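Trainee: Got a structure for you, target.txt, holding compact mmCIF, N, CA and C atoms.
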# COMPACT_ATOMS: atom_id res chain seq x y z
N MET A 1013 7.90 13.40 -8.07
CA MET A 1013 6.59 13.37 -8.69
C MET A 1013 6.44 14.62 -9.53
N ASN A 1014 6.07 14.42 -10.80
CA ASN A 1014 5.84 15.54 -11.71
C ASN A 1014 4.35 15.78 -11.82
N ILE A 1015 3.92 16.97 -11.45
CA ILE A 1015 2.49 17.30 -11.46
C ILE A 1015 2.26 18.47 -12.41
N VAL A 1016 1.32 18.28 -13.34
CA VAL A 1016 0.93 19.34 -14.25
C VAL A 1016 -0.56 19.60 -14.03
N ILE A 1017 -0.88 20.83 -13.63
CA ILE A 1017 -2.27 21.19 -13.38
C ILE A 1017 -2.70 22.23 -14.40
N THR A 1018 -3.77 21.92 -15.13
CA THR A 1018 -4.29 22.85 -16.12
C THR A 1018 -5.75 23.11 -15.82
N GLY A 1019 -6.17 24.32 -16.12
CA GLY A 1019 -7.56 24.70 -15.89
C GLY A 1019 -8.21 25.18 -17.17
N LYS A 1020 -9.45 24.75 -17.38
CA LYS A 1020 -10.21 25.19 -18.54
C LYS A 1020 -11.42 25.96 -18.00
N GLU A 1021 -11.49 27.21 -18.32
CA GLU A 1021 -12.53 28.10 -17.82
C GLU A 1021 -12.48 28.22 -16.30
N LEU A 1022 -11.35 27.83 -15.74
CA LEU A 1022 -11.16 27.88 -14.30
C LEU A 1022 -9.67 28.03 -14.04
N LYS A 1023 -9.31 28.99 -13.22
CA LYS A 1023 -7.90 29.23 -12.94
C LYS A 1023 -7.42 28.31 -11.82
N ALA A 1024 -6.29 27.66 -12.05
CA ALA A 1024 -5.68 26.81 -11.03
C ALA A 1024 -4.92 27.70 -10.06
N THR A 1025 -5.55 28.02 -8.95
CA THR A 1025 -4.93 28.91 -7.96
C THR A 1025 -3.85 28.16 -7.18
N GLU A 1026 -3.09 28.91 -6.43
CA GLU A 1026 -2.03 28.31 -5.61
C GLU A 1026 -2.64 27.38 -4.55
N ALA A 1027 -3.79 27.75 -4.01
CA ALA A 1027 -4.47 26.92 -3.01
C ALA A 1027 -4.87 25.57 -3.60
N ILE A 1028 -5.37 25.59 -4.83
CA ILE A 1028 -5.77 24.34 -5.50
C ILE A 1028 -4.53 23.49 -5.75
N LYS A 1029 -3.46 24.10 -6.21
CA LYS A 1029 -2.21 23.36 -6.48
C LYS A 1029 -1.68 22.70 -5.20
N GLU A 1030 -1.67 23.45 -4.11
CA GLU A 1030 -1.19 22.89 -2.84
C GLU A 1030 -2.09 21.75 -2.37
N TYR A 1031 -3.41 21.91 -2.55
CA TYR A 1031 -4.35 20.88 -2.13
C TYR A 1031 -4.13 19.59 -2.94
N VAL A 1032 -3.95 19.74 -4.24
CA VAL A 1032 -3.71 18.58 -5.10
C VAL A 1032 -2.41 17.89 -4.72
N GLU A 1033 -1.35 18.66 -4.50
CA GLU A 1033 -0.06 18.08 -4.11
C GLU A 1033 -0.17 17.34 -2.79
N LYS A 1034 -0.90 17.91 -1.83
CA LYS A 1034 -1.07 17.26 -0.53
C LYS A 1034 -1.82 15.95 -0.69
N LYS A 1035 -2.87 15.95 -1.49
CA LYS A 1035 -3.69 14.75 -1.68
C LYS A 1035 -2.93 13.68 -2.47
N LEU A 1036 -2.08 14.09 -3.39
CA LEU A 1036 -1.33 13.12 -4.20
C LEU A 1036 -0.26 12.39 -3.41
N GLU A 1037 0.04 12.85 -2.20
CA GLU A 1037 0.97 12.12 -1.35
C GLU A 1037 0.43 10.73 -1.03
N ARG A 1038 -0.90 10.60 -0.99
CA ARG A 1038 -1.52 9.29 -0.76
C ARG A 1038 -1.19 8.33 -1.91
N ILE A 1039 -1.09 8.84 -3.12
CA ILE A 1039 -0.75 8.02 -4.28
C ILE A 1039 0.74 7.72 -4.29
N GLU A 1040 1.52 8.70 -3.90
CA GLU A 1040 2.98 8.58 -3.95
C GLU A 1040 3.49 7.46 -3.03
N ARG A 1041 2.82 7.21 -1.93
CA ARG A 1041 3.30 6.19 -0.99
C ARG A 1041 3.27 4.79 -1.58
N TYR A 1042 2.46 4.57 -2.61
CA TYR A 1042 2.41 3.26 -3.26
C TYR A 1042 3.59 3.03 -4.20
N PHE A 1043 4.23 4.11 -4.62
CA PHE A 1043 5.32 4.00 -5.60
C PHE A 1043 6.56 4.75 -5.12
N GLU A 1044 7.02 4.44 -3.94
CA GLU A 1044 8.18 5.14 -3.39
C GLU A 1044 9.40 4.88 -4.26
N GLY A 1045 10.08 5.95 -4.62
CA GLY A 1045 11.28 5.83 -5.43
C GLY A 1045 11.03 5.75 -6.92
N GLU A 1046 9.79 5.69 -7.34
CA GLU A 1046 9.45 5.61 -8.75
C GLU A 1046 9.12 7.00 -9.30
N GLU A 1047 9.32 7.17 -10.58
CA GLU A 1047 8.95 8.42 -11.23
C GLU A 1047 7.46 8.40 -11.54
N ILE A 1048 6.75 9.37 -11.02
CA ILE A 1048 5.30 9.45 -11.19
C ILE A 1048 4.98 10.74 -11.94
N ASN A 1049 4.23 10.60 -13.03
CA ASN A 1049 3.76 11.76 -13.79
C ASN A 1049 2.26 11.88 -13.61
N VAL A 1050 1.83 13.05 -13.14
CA VAL A 1050 0.41 13.26 -12.89
C VAL A 1050 -0.06 14.47 -13.69
N SER A 1051 -1.18 14.25 -14.38
CA SER A 1051 -1.82 15.34 -15.12
C SER A 1051 -3.18 15.60 -14.49
N VAL A 1052 -3.40 16.82 -14.06
CA VAL A 1052 -4.66 17.19 -13.43
C VAL A 1052 -5.32 18.27 -14.29
N LYS A 1053 -6.56 18.01 -14.69
CA LYS A 1053 -7.33 18.99 -15.46
C LYS A 1053 -8.56 19.35 -14.66
N ILE A 1054 -8.75 20.65 -14.47
CA ILE A 1054 -9.94 21.11 -13.76
C ILE A 1054 -10.72 22.03 -14.69
N LYS A 1055 -12.04 21.89 -14.63
CA LYS A 1055 -12.88 22.74 -15.48
C LYS A 1055 -14.26 22.87 -14.88
N THR A 1056 -15.00 23.83 -15.42
CA THR A 1056 -16.37 24.07 -14.98
C THR A 1056 -17.30 23.83 -16.14
N GLU A 1057 -18.35 23.05 -15.90
CA GLU A 1057 -19.41 22.85 -16.89
C GLU A 1057 -20.74 23.03 -16.18
N ARG A 1058 -21.50 23.95 -16.63
CA ARG A 1058 -22.77 24.32 -16.00
C ARG A 1058 -22.50 24.64 -14.53
N ALA A 1059 -23.14 23.92 -13.62
CA ALA A 1059 -22.94 24.19 -12.20
C ALA A 1059 -21.96 23.23 -11.56
N TYR A 1060 -21.31 22.41 -12.37
CA TYR A 1060 -20.43 21.37 -11.83
C TYR A 1060 -18.97 21.72 -12.01
N GLN A 1061 -18.18 21.30 -11.03
CA GLN A 1061 -16.72 21.43 -11.08
C GLN A 1061 -16.18 20.03 -11.40
N ILE A 1062 -15.42 19.92 -12.46
CA ILE A 1062 -14.92 18.62 -12.91
C ILE A 1062 -13.41 18.56 -12.69
N ALA A 1063 -12.99 17.46 -12.08
CA ALA A 1063 -11.57 17.21 -11.88
C ALA A 1063 -11.23 15.89 -12.57
N GLU A 1064 -10.20 15.94 -13.42
CA GLU A 1064 -9.74 14.75 -14.12
C GLU A 1064 -8.27 14.56 -13.79
N MET A 1065 -7.94 13.37 -13.29
CA MET A 1065 -6.55 13.08 -12.93
C MET A 1065 -6.09 11.86 -13.70
N GLN A 1066 -4.86 11.96 -14.19
CA GLN A 1066 -4.26 10.86 -14.91
C GLN A 1066 -2.86 10.64 -14.34
N VAL A 1067 -2.62 9.41 -13.88
CA VAL A 1067 -1.33 9.06 -13.27
C VAL A 1067 -0.62 8.07 -14.18
N ASN A 1068 0.61 8.38 -14.55
CA ASN A 1068 1.45 7.48 -15.34
C ASN A 1068 2.63 7.07 -14.49
N VAL A 1069 2.71 5.76 -14.22
CA VAL A 1069 3.81 5.24 -13.41
C VAL A 1069 4.02 3.77 -13.77
N LYS A 1070 5.28 3.38 -13.91
CA LYS A 1070 5.66 1.99 -14.16
C LYS A 1070 4.88 1.36 -15.31
N GLY A 1071 4.61 2.11 -16.35
CA GLY A 1071 3.90 1.56 -17.49
C GLY A 1071 2.39 1.51 -17.31
N TYR A 1072 1.90 1.95 -16.19
CA TYR A 1072 0.46 1.98 -15.96
C TYR A 1072 -0.07 3.39 -16.20
N ASN A 1073 -1.26 3.45 -16.78
CA ASN A 1073 -1.93 4.72 -17.00
C ASN A 1073 -3.27 4.63 -16.27
N ILE A 1074 -3.36 5.32 -15.15
CA ILE A 1074 -4.53 5.24 -14.29
C ILE A 1074 -5.26 6.58 -14.35
N ARG A 1075 -6.58 6.52 -14.53
CA ARG A 1075 -7.34 7.74 -14.78
C ARG A 1075 -8.60 7.77 -13.92
N ALA A 1076 -8.98 8.97 -13.49
CA ALA A 1076 -10.21 9.17 -12.74
C ALA A 1076 -10.81 10.52 -13.12
N VAL A 1077 -12.13 10.54 -13.30
CA VAL A 1077 -12.84 11.78 -13.62
C VAL A 1077 -14.08 11.84 -12.74
N THR A 1078 -14.26 12.95 -12.04
CA THR A 1078 -15.46 13.14 -11.25
C THR A 1078 -15.96 14.56 -11.39
N GLU A 1079 -17.25 14.72 -11.15
CA GLU A 1079 -17.83 16.06 -11.18
C GLU A 1079 -18.77 16.22 -10.00
N THR A 1080 -18.58 17.30 -9.28
CA THR A 1080 -19.45 17.65 -8.17
C THR A 1080 -19.62 19.17 -8.20
N LYS A 1081 -20.37 19.67 -7.26
CA LYS A 1081 -20.55 21.12 -7.19
C LYS A 1081 -19.37 21.81 -6.52
N ASP A 1082 -18.52 21.02 -5.86
CA ASP A 1082 -17.35 21.56 -5.17
C ASP A 1082 -16.09 20.94 -5.77
N LEU A 1083 -15.14 21.76 -6.20
CA LEU A 1083 -13.92 21.27 -6.83
C LEU A 1083 -13.10 20.41 -5.88
N TYR A 1084 -13.02 20.81 -4.63
CA TYR A 1084 -12.23 20.06 -3.66
C TYR A 1084 -12.82 18.66 -3.44
N ALA A 1085 -14.13 18.55 -3.46
CA ALA A 1085 -14.78 17.24 -3.33
C ALA A 1085 -14.47 16.38 -4.56
N SER A 1086 -14.43 16.99 -5.74
CA SER A 1086 -14.07 16.25 -6.96
C SER A 1086 -12.65 15.72 -6.88
N ILE A 1087 -11.76 16.55 -6.38
CA ILE A 1087 -10.36 16.13 -6.22
C ILE A 1087 -10.27 14.97 -5.24
N ASP A 1088 -10.99 15.07 -4.12
CA ASP A 1088 -10.98 13.99 -3.13
C ASP A 1088 -11.50 12.69 -3.73
N LYS A 1089 -12.58 12.76 -4.49
CA LYS A 1089 -13.15 11.55 -5.11
C LYS A 1089 -12.17 10.95 -6.11
N ASP A 1090 -11.51 11.80 -6.89
CA ASP A 1090 -10.51 11.31 -7.85
C ASP A 1090 -9.39 10.56 -7.14
N ILE A 1091 -8.92 11.11 -6.05
CA ILE A 1091 -7.84 10.46 -5.29
C ILE A 1091 -8.31 9.11 -4.77
N ASP A 1092 -9.53 9.06 -4.26
CA ASP A 1092 -10.07 7.78 -3.77
C ASP A 1092 -10.15 6.75 -4.89
N ILE A 1093 -10.62 7.17 -6.06
CA ILE A 1093 -10.73 6.27 -7.22
C ILE A 1093 -9.34 5.78 -7.64
N LEU A 1094 -8.39 6.69 -7.76
CA LEU A 1094 -7.03 6.32 -8.16
C LEU A 1094 -6.41 5.35 -7.16
N GLU A 1095 -6.61 5.63 -5.88
CA GLU A 1095 -6.04 4.77 -4.85
C GLU A 1095 -6.64 3.37 -4.92
N GLY A 1096 -7.92 3.28 -5.16
CA GLY A 1096 -8.57 1.98 -5.31
C GLY A 1096 -8.04 1.22 -6.51
N GLN A 1097 -7.85 1.91 -7.63
CA GLN A 1097 -7.31 1.27 -8.83
C GLN A 1097 -5.89 0.78 -8.60
N ILE A 1098 -5.09 1.58 -7.91
CA ILE A 1098 -3.71 1.20 -7.64
C ILE A 1098 -3.66 -0.02 -6.72
N ARG A 1099 -4.51 -0.02 -5.68
CA ARG A 1099 -4.56 -1.18 -4.79
C ARG A 1099 -4.96 -2.44 -5.55
N LYS A 1100 -5.90 -2.30 -6.47
CA LYS A 1100 -6.35 -3.43 -7.27
C LYS A 1100 -5.20 -3.97 -8.13
N ILE A 1101 -4.46 -3.07 -8.77
CA ILE A 1101 -3.32 -3.47 -9.60
C ILE A 1101 -2.26 -4.17 -8.76
N LYS A 1102 -1.92 -3.57 -7.60
CA LYS A 1102 -0.88 -4.15 -6.74
C LYS A 1102 -1.30 -5.52 -6.22
N THR A 1103 -2.57 -5.66 -5.82
CA THR A 1103 -3.06 -6.95 -5.32
C THR A 1103 -2.99 -8.01 -6.41
N LYS A 1104 -3.37 -7.62 -7.62
CA LYS A 1104 -3.33 -8.56 -8.74
C LYS A 1104 -1.90 -9.00 -9.02
N LYS A 1105 -0.95 -8.06 -9.00
CA LYS A 1105 0.45 -8.40 -9.22
C LYS A 1105 0.97 -9.33 -8.13
N GLU A 1106 0.58 -9.07 -6.88
CA GLU A 1106 1.02 -9.93 -5.78
C GLU A 1106 0.48 -11.34 -5.94
N LYS A 1107 -0.79 -11.47 -6.33
CA LYS A 1107 -1.38 -12.79 -6.52
C LYS A 1107 -0.67 -13.55 -7.63
N VAL A 1108 -0.35 -12.87 -8.72
CA VAL A 1108 0.36 -13.51 -9.82
C VAL A 1108 1.74 -13.96 -9.36
N LEU A 1109 2.44 -13.13 -8.62
CA LEU A 1109 3.77 -13.47 -8.12
C LEU A 1109 3.71 -14.67 -7.18
N ILE A 1110 2.74 -14.68 -6.27
CA ILE A 1110 2.58 -15.81 -5.36
C ILE A 1110 2.30 -17.08 -6.14
N ASN A 1111 1.45 -16.98 -7.15
CA ASN A 1111 1.11 -18.14 -7.98
C ASN A 1111 2.35 -18.68 -8.69
N ILE A 1112 3.16 -17.78 -9.23
CA ILE A 1112 4.39 -18.19 -9.92
C ILE A 1112 5.34 -18.89 -8.95
N LEU A 1113 5.49 -18.33 -7.75
CA LEU A 1113 6.38 -18.94 -6.76
C LEU A 1113 5.88 -20.32 -6.32
N GLN A 1114 4.56 -20.44 -6.17
CA GLN A 1114 4.00 -21.75 -5.80
C GLN A 1114 4.24 -22.77 -6.91
N GLN A 1115 4.08 -22.34 -8.17
CA GLN A 1115 4.33 -23.26 -9.28
C GLN A 1115 5.80 -23.68 -9.31
N ARG A 1116 6.69 -22.75 -9.07
CA ARG A 1116 8.12 -23.09 -9.05
C ARG A 1116 8.42 -24.10 -7.95
N ASN A 1117 7.85 -23.89 -6.77
CA ASN A 1117 8.07 -24.83 -5.67
C ASN A 1117 7.50 -26.20 -6.02
N TYR A 1118 6.34 -26.22 -6.65
CA TYR A 1118 5.72 -27.49 -7.04
C TYR A 1118 6.61 -28.25 -8.02
N TYR A 1119 7.07 -27.54 -9.06
CA TYR A 1119 7.92 -28.18 -10.06
C TYR A 1119 9.27 -28.59 -9.49
N ALA A 1120 9.78 -27.79 -8.56
CA ALA A 1120 11.06 -28.14 -7.92
C ALA A 1120 10.90 -29.42 -7.11
N SER A 1121 9.78 -29.58 -6.43
CA SER A 1121 9.57 -30.81 -5.65
C SER A 1121 9.42 -32.02 -6.58
N ILE A 1122 8.79 -31.86 -7.71
CA ILE A 1122 8.66 -32.96 -8.68
C ILE A 1122 10.04 -33.35 -9.21
N ILE A 1123 10.84 -32.36 -9.52
CA ILE A 1123 12.19 -32.64 -10.03
C ILE A 1123 13.02 -33.36 -8.97
N GLN A 1124 12.91 -32.91 -7.71
CA GLN A 1124 13.65 -33.57 -6.64
C GLN A 1124 13.23 -35.03 -6.51
N ARG A 1125 11.91 -35.28 -6.55
CA ARG A 1125 11.43 -36.66 -6.45
C ARG A 1125 11.94 -37.50 -7.61
N ASN A 1126 11.93 -36.94 -8.81
CA ASN A 1126 12.41 -37.68 -9.98
C ASN A 1126 13.90 -37.98 -9.88
N ILE A 1127 14.67 -37.02 -9.39
CA ILE A 1127 16.11 -37.22 -9.23
C ILE A 1127 16.36 -38.30 -8.19
N ARG A 1128 15.65 -38.26 -7.07
CA ARG A 1128 15.83 -39.28 -6.02
C ARG A 1128 15.49 -40.67 -6.55
N SER A 1129 14.36 -40.77 -7.25
CA SER A 1129 13.97 -42.09 -7.77
C SER A 1129 14.97 -42.56 -8.83
N TYR A 1130 15.50 -41.65 -9.64
CA TYR A 1130 16.49 -42.02 -10.64
C TYR A 1130 17.77 -42.50 -9.98
N LEU A 1131 18.22 -41.77 -8.94
CA LEU A 1131 19.45 -42.16 -8.24
C LEU A 1131 19.27 -43.49 -7.52
N SER A 1132 18.13 -43.69 -6.90
CA SER A 1132 17.91 -44.96 -6.22
C SER A 1132 17.83 -46.10 -7.24
N TYR A 1133 17.28 -45.85 -8.40
CA TYR A 1133 17.24 -46.85 -9.47
C TYR A 1133 18.65 -47.19 -9.93
N LYS A 1134 19.49 -46.16 -10.09
CA LYS A 1134 20.88 -46.36 -10.52
C LYS A 1134 21.63 -47.19 -9.46
N GLN A 1135 21.43 -46.86 -8.19
CA GLN A 1135 22.09 -47.61 -7.12
C GLN A 1135 21.63 -49.06 -7.11
N PHE A 1136 20.34 -49.27 -7.29
CA PHE A 1136 19.78 -50.62 -7.33
C PHE A 1136 20.38 -51.40 -8.50
N LYS A 1137 20.52 -50.74 -9.65
CA LYS A 1137 21.08 -51.37 -10.83
C LYS A 1137 22.54 -51.74 -10.60
N LEU A 1138 23.29 -50.86 -9.89
CA LEU A 1138 24.69 -51.13 -9.59
C LEU A 1138 24.84 -52.32 -8.66
N ILE A 1139 23.94 -52.46 -7.72
CA ILE A 1139 24.00 -53.56 -6.76
C ILE A 1139 23.77 -54.88 -7.49
N LEU A 1140 22.84 -54.90 -8.44
CA LEU A 1140 22.53 -56.11 -9.17
C LEU A 1140 23.64 -56.51 -10.14
N SER A 1141 24.45 -55.57 -10.60
CA SER A 1141 25.47 -55.92 -11.58
C SER A 1141 26.69 -56.51 -10.97
Take the structure in this file and express it as structure tokens.

Mentor:
Amino acid sequence: MNIVITGKELKATEAIKEYVEKKLERIERYFEGEEINVSVKIKTERAYQIAEMQVNVKGYNIRAVTETKDLYASIDKDIDILEGQIRKIKTKKEKVLINILQQRNYYASIIQRNIRSYLSYKQFKLILS
């Protein structure tokens, strides 16, 4: 997993980096063995701490932005949002795959029935000749 953490008007301390890496393990479990690129931007605006995370993996670009008074809470919310989006994507892909497999089974059964009826017709024709 490649993680890039940048801070605007806020320094990305070692504690913040370790916290982000620890929390991103929740995202990593969905894509074991895949190359994951994560961009984390942290900044301060007025009294709010803003965390923006962008995950690029398998052609997907997943993004979350939250602002709270606590940076760690913003990071937690971002992780929750990203995890929800990833679950949604994975569920959608699974449903499409199941649908495709069901269609293949349906068409295979139609082809089998057509072949059986064709063969029985051929046998019937041979008996009559």

Trainee: Kindly extract all protein, DNA and RNA residues lying within 6.5 Å of the coordinates (2.7, 13.0, -12.0) given in the file, considering only N, CA and C atoms, and supply them as a PyMOL selection string.

Mentor: chain A and resi 1013-1016+1048-1051+1066-1068

Trainee: Residues as selected, N, CA and C atoms, written as an mmCIF file, in the coordinates of the input, can you do that?

Mentor:
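part09.cif, freshly written:
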data_model
loop_
_atom_site.group_PDB
_atom_site.id
_atom_site.type_symbol
_atom_site.label_atom_id
_atom_site.label_comp_id
_atom_site.auth_asym_id
_atom_site.auth_seq_id
_atom_site.Cartn_x
_atom_site.Cartn_y
_atom_site.Cartn_z
ATOM 1 N N MET A 1013 7.900 13.400 -8.070
ATOM 2 C CA MET A 1013 6.590 13.370 -8.690
ATOM 3 C C MET A 1013 6.440 14.620 -9.530
ATOM 4 N N ASN A 1014 6.070 14.420 -10.800
ATOM 5 C CA ASN A 1014 5.840 15.540 -11.710
ATOM 6 C C ASN A 1014 4.350 15.780 -11.820
ATOM 7 N N ILE A 1015 3.920 16.970 -11.450
ATOM 8 C CA ILE A 1015 2.490 17.300 -11.460
ATOM 9 C C ILE A 1015 2.260 18.470 -12.410
ATOM 10 N N VAL A 1016 1.320 18.280 -13.340
ATOM 11 C CA VAL A 1016 0.930 19.340 -14.250
ATOM 12 C C VAL A 1016 -0.560 19.600 -14.030
ATOM 13 N N ILE A 1048 6.750 9.370 -11.020
ATOM 14 C CA ILE A 1048 5.300 9.450 -11.190
ATOM 15 C C ILE A 1048 4.980 10.740 -11.940
ATOM 16 N N ASN A 1049 4.230 10.600 -13.030
ATOM 17 C CA ASN A 1049 3.760 11.760 -13.790
ATOM 18 C C ASN A 1049 2.260 11.880 -13.610
ATOM 19 N N VAL A 1050 1.830 13.050 -13.140
ATOM 20 C CA VAL A 1050 0.410 13.260 -12.890
ATOM 21 C C VAL A 1050 -0.060 14.470 -13.690
ATOM 22 N N SER A 1051 -1.180 14.250 -14.380
ATOM 23 C CA SER A 1051 -1.820 15.340 -15.120
ATOM 24 C C SER A 1051 -3.180 15.600 -14.490
ATOM 25 N N GLN A 1066 -4.860 11.960 -14.190
ATOM 26 C CA GLN A 1066 -4.260 10.860 -14.910
ATOM 27 C C GLN A 1066 -2.860 10.640 -14.340
ATOM 28 N N VAL A 1067 -2.620 9.410 -13.880
ATOM 29 C CA VAL A 1067 -1.330 9.060 -13.270
ATOM 30 C C VAL A 1067 -0.620 8.070 -14.180
ATOM 31 N N ASN A 1068 0.610 8.380 -14.550
ATOM 32 C CA ASN A 1068 1.450 7.480 -15.340
ATOM 33 C C ASN A 1068 2.630 7.070 -14.490
#

Trainee: Pull the neighbourhood of (-7.7, 20.5, -17.0) for me: all residues within 7 Å in file coordinates, counting only N, CA and C atoms, as a list in words.

Mentor: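 Residues with an atom at most 7 Å from (-7.7, 20.5, -17.0): Ile1017, Thr1018, Gly1019, Lys1020, Val1052, Lys1053, Ile1054, Lys1055 and Glu1064 of chain A.
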
Trainee: Could you give me the residues within stretch 1048-1100 of chain A that DSSP places in strand (DSSP E or B), as a list in words?

Mentor: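 Result set for stretch 1048-1100 of chain A (strand (DSSP E or B)): Asn1049, Val1050, Ser1051, Val1052, Lys1053, Ile1054, Lys1055, Thr1056, Glu1057, Tyr1060, Gln1061, Ile1062, Ala1063, Glu1064, Met1065, Gln1066, Val1067, Asn1068, Val1069, Tyr1072, Asn1073, Ile1074, Arg1075, Ala1076, Val1077, Thr1078, Glu1079 and Thr1080 of chain A.
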
Trainee: Write the residues you've just listed into a file as a short mmCIF file (atom, residue, chain, number, x, y, z; two decimals), in the coordinates of the input, and include N, CA and C atoms for each of them.

Mentor:
data_model
loop_
_atom_site.label_atom_id
_atom_site.label_comp_id
_atom_site.auth_asym_id
_atom_site.auth_seq_id
_atom_site.Cartn_x
_atom_site.Cartn_y
_atom_site.Cartn_z
N ASN A 1049 4.23 10.60 -13.03
CA ASN A 1049 3.76 11.76 -13.79
C ASN A 1049 2.26 11.88 -13.61
N VAL A 1050 1.83 13.05 -13.14
CA VAL A 1050 0.41 13.26 -12.89
C VAL A 1050 -0.06 14.47 -13.69
N SER A 1051 -1.18 14.25 -14.38
CA SER A 1051 -1.82 15.34 -15.12
C SER A 1051 -3.18 15.60 -14.49
N VAL A 1052 -3.40 16.82 -14.06
CA VAL A 1052 -4.66 17.19 -13.43
C VAL A 1052 -5.32 18.27 -14.29
N LYS A 1053 -6.56 18.01 -14.69
CA LYS A 1053 -7.33 18.99 -15.46
C LYS A 1053 -8.56 19.35 -14.66
N ILE A 1054 -8.75 20.65 -14.47
CA ILE A 1054 -9.94 21.11 -13.76
C ILE A 1054 -10.72 22.03 -14.69
N LYS A 1055 -12.04 21.89 -14.63
CA LYS A 1055 -12.88 22.74 -15.48
C LYS A 1055 -14.26 22.87 -14.88
N THR A 1056 -15.00 23.83 -15.42
CA THR A 1056 -16.37 24.07 -14.98
C THR A 1056 -17.30 23.83 -16.14
N GLU A 1057 -18.35 23.05 -15.90
CA GLU A 1057 -19.41 22.85 -16.89
C GLU A 1057 -20.74 23.03 -16.18
N TYR A 1060 -21.31 22.41 -12.37
CA TYR A 1060 -20.43 21.37 -11.83
C TYR A 1060 -18.97 21.72 -12.01
N GLN A 1061 -18.18 21.30 -11.03
CA GLN A 1061 -16.72 21.43 -11.08
C GLN A 1061 -16.18 20.03 -11.40
N ILE A 1062 -15.42 19.92 -12.46
CA ILE A 1062 -14.92 18.62 -12.91
C ILE A 1062 -13.41 18.56 -12.69
N ALA A 1063 -12.99 17.46 -12.08
CA ALA A 1063 -11.57 17.21 -11.88
C ALA A 1063 -11.23 15.89 -12.57
N GLU A 1064 -10.20 15.94 -13.42
CA GLU A 1064 -9.74 14.75 -14.12
C GLU A 1064 -8.27 14.56 -13.79
N MET A 1065 -7.94 13.37 -13.29
CA MET A 1065 -6.55 13.08 -12.93
C MET A 1065 -6.09 11.86 -13.70
N GLN A 1066 -4.86 11.96 -14.19
CA GLN A 1066 -4.26 10.86 -14.91
C GLN A 1066 -2.86 10.64 -14.34
N VAL A 1067 -2.62 9.41 -13.88
CA VAL A 1067 -1.33 9.06 -13.27
C VAL A 1067 -0.62 8.07 -14.18
N ASN A 1068 0.61 8.38 -14.55
CA ASN A 1068 1.45 7.48 -15.34
C ASN A 1068 2.63 7.07 -14.49
N VAL A 1069 2.71 5.76 -14.22
CA VAL A 1069 3.81 5.24 -13.41
C VAL A 1069 4.02 3.77 -13.77
N TYR A 1072 1.90 1.95 -16.19
CA TYR A 1072 0.46 1.98 -15.96
C TYR A 1072 -0.07 3.39 -16.20
N ASN A 1073 -1.26 3.45 -16.78
CA ASN A 1073 -1.93 4.72 -17.00
C ASN A 1073 -3.27 4.63 -16.27
N ILE A 1074 -3.36 5.32 -15.15
CA ILE A 1074 -4.53 5.24 -14.29
C ILE A 1074 -5.26 6.58 -14.35
N ARG A 1075 -6.58 6.52 -14.53
CA ARG A 1075 -7.34 7.74 -14.78
C ARG A 1075 -8.60 7.77 -13.92
N ALA A 1076 -8.98 8.97 -13.49
CA ALA A 1076 -10.21 9.17 -12.74
C ALA A 1076 -10.81 10.52 -13.12
N VAL A 1077 -12.13 10.54 -13.30
CA VAL A 1077 -12.84 11.78 -13.62
C VAL A 1077 -14.08 11.84 -12.74
N THR A 1078 -14.26 12.95 -12.04
CA THR A 1078 -15.46 13.14 -11.25
C THR A 1078 -15.96 14.56 -11.39
N GLU A 1079 -17.25 14.72 -11.15
CA GLU A 1079 -17.83 16.06 -11.18
C GLU A 1079 -18.77 16.22 -10.00
N THR A 1080 -18.58 17.30 -9.28
CA THR A 1080 -19.45 17.65 -8.17
C THR A 1080 -19.62 19.17 -8.20
#

Trainee: I need the residue nearest A:Gln1061 from this list: A:Lys1107, A:Lys1100, A:Lys1029, A:Lys1081. Use all atoms listed in the file for the distance.

Mentor: A:Lys1081

Trainee: For the alpha helix (DSSP H) assignment from backbone DSSP, which residues of chain A qualify? Please present them as a PyMOL selection string.

Mentor: chain A and resi 1026-1040+1083-1140

Trainee: Pick the closest to A:Ile1098 from A:Asn1117, A:Ser1086, A:Asn1073, A:Asn1111: which is it, counting only C-alpha atoms?

Mentor: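 Of the candidates, the smallest distance to A:Ile1098 is held by A:Asn1073.
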
Trainee: Quick one: of A:Glu1021, A:Ala1076, A:Tyr1119, A:Thr1103, who's nearest to A:Thr1056, counting only N, CA and C atoms?

Mentor: A:Glu1021

Trainee: What separation in Å, quoted to one decimal, exists between atom N of A:Leu1022 and atom N of A:Met1065?

Mentor: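 If I compute the distance from atom N of A:Leu1022 to atom N of A:Met1065, I get 15.1 Å.
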
Trainee: What does the structure give for the distance between atom CA of A:Lys1035 and atom C of A:Lys1089, in Å to one decimal?

Mentor: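 Atom-to-atom, atom CA of A:Lys1035 and atom C of A:Lys1089 are spaced 10.3 Å apart.
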
Trainee: Write out as a list in words which residues come within 9 Å of A:Tyr1042 when counting only C-alpha atoms, dropping same-chain ones fewer than 4 positions away.

Mentor: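 Close residues of A:Tyr1042: Arg1038, Glu1095, Ile1098, Arg1099 and Lys1102 of chain A.
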
Trainee: Just to confirm, what's the straight-line distance from atom CA of A:Asp1092 to atom CA of A:Ile1039 in Å (one decimal)?

Mentor: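 Pair atom CA of A:Asp1092 / atom CA of A:Ile1039 returns 9.3 Å.
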
Trainee: Of the residues A:Thr1080, A:Ala1024, A:Ala1120, A:Phe1043, which is the one nearest to A:Ala1063, using all atoms listed in the file?

Mentor: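 Selected residue with least distance to A:Ala1063: A:Thr1080.
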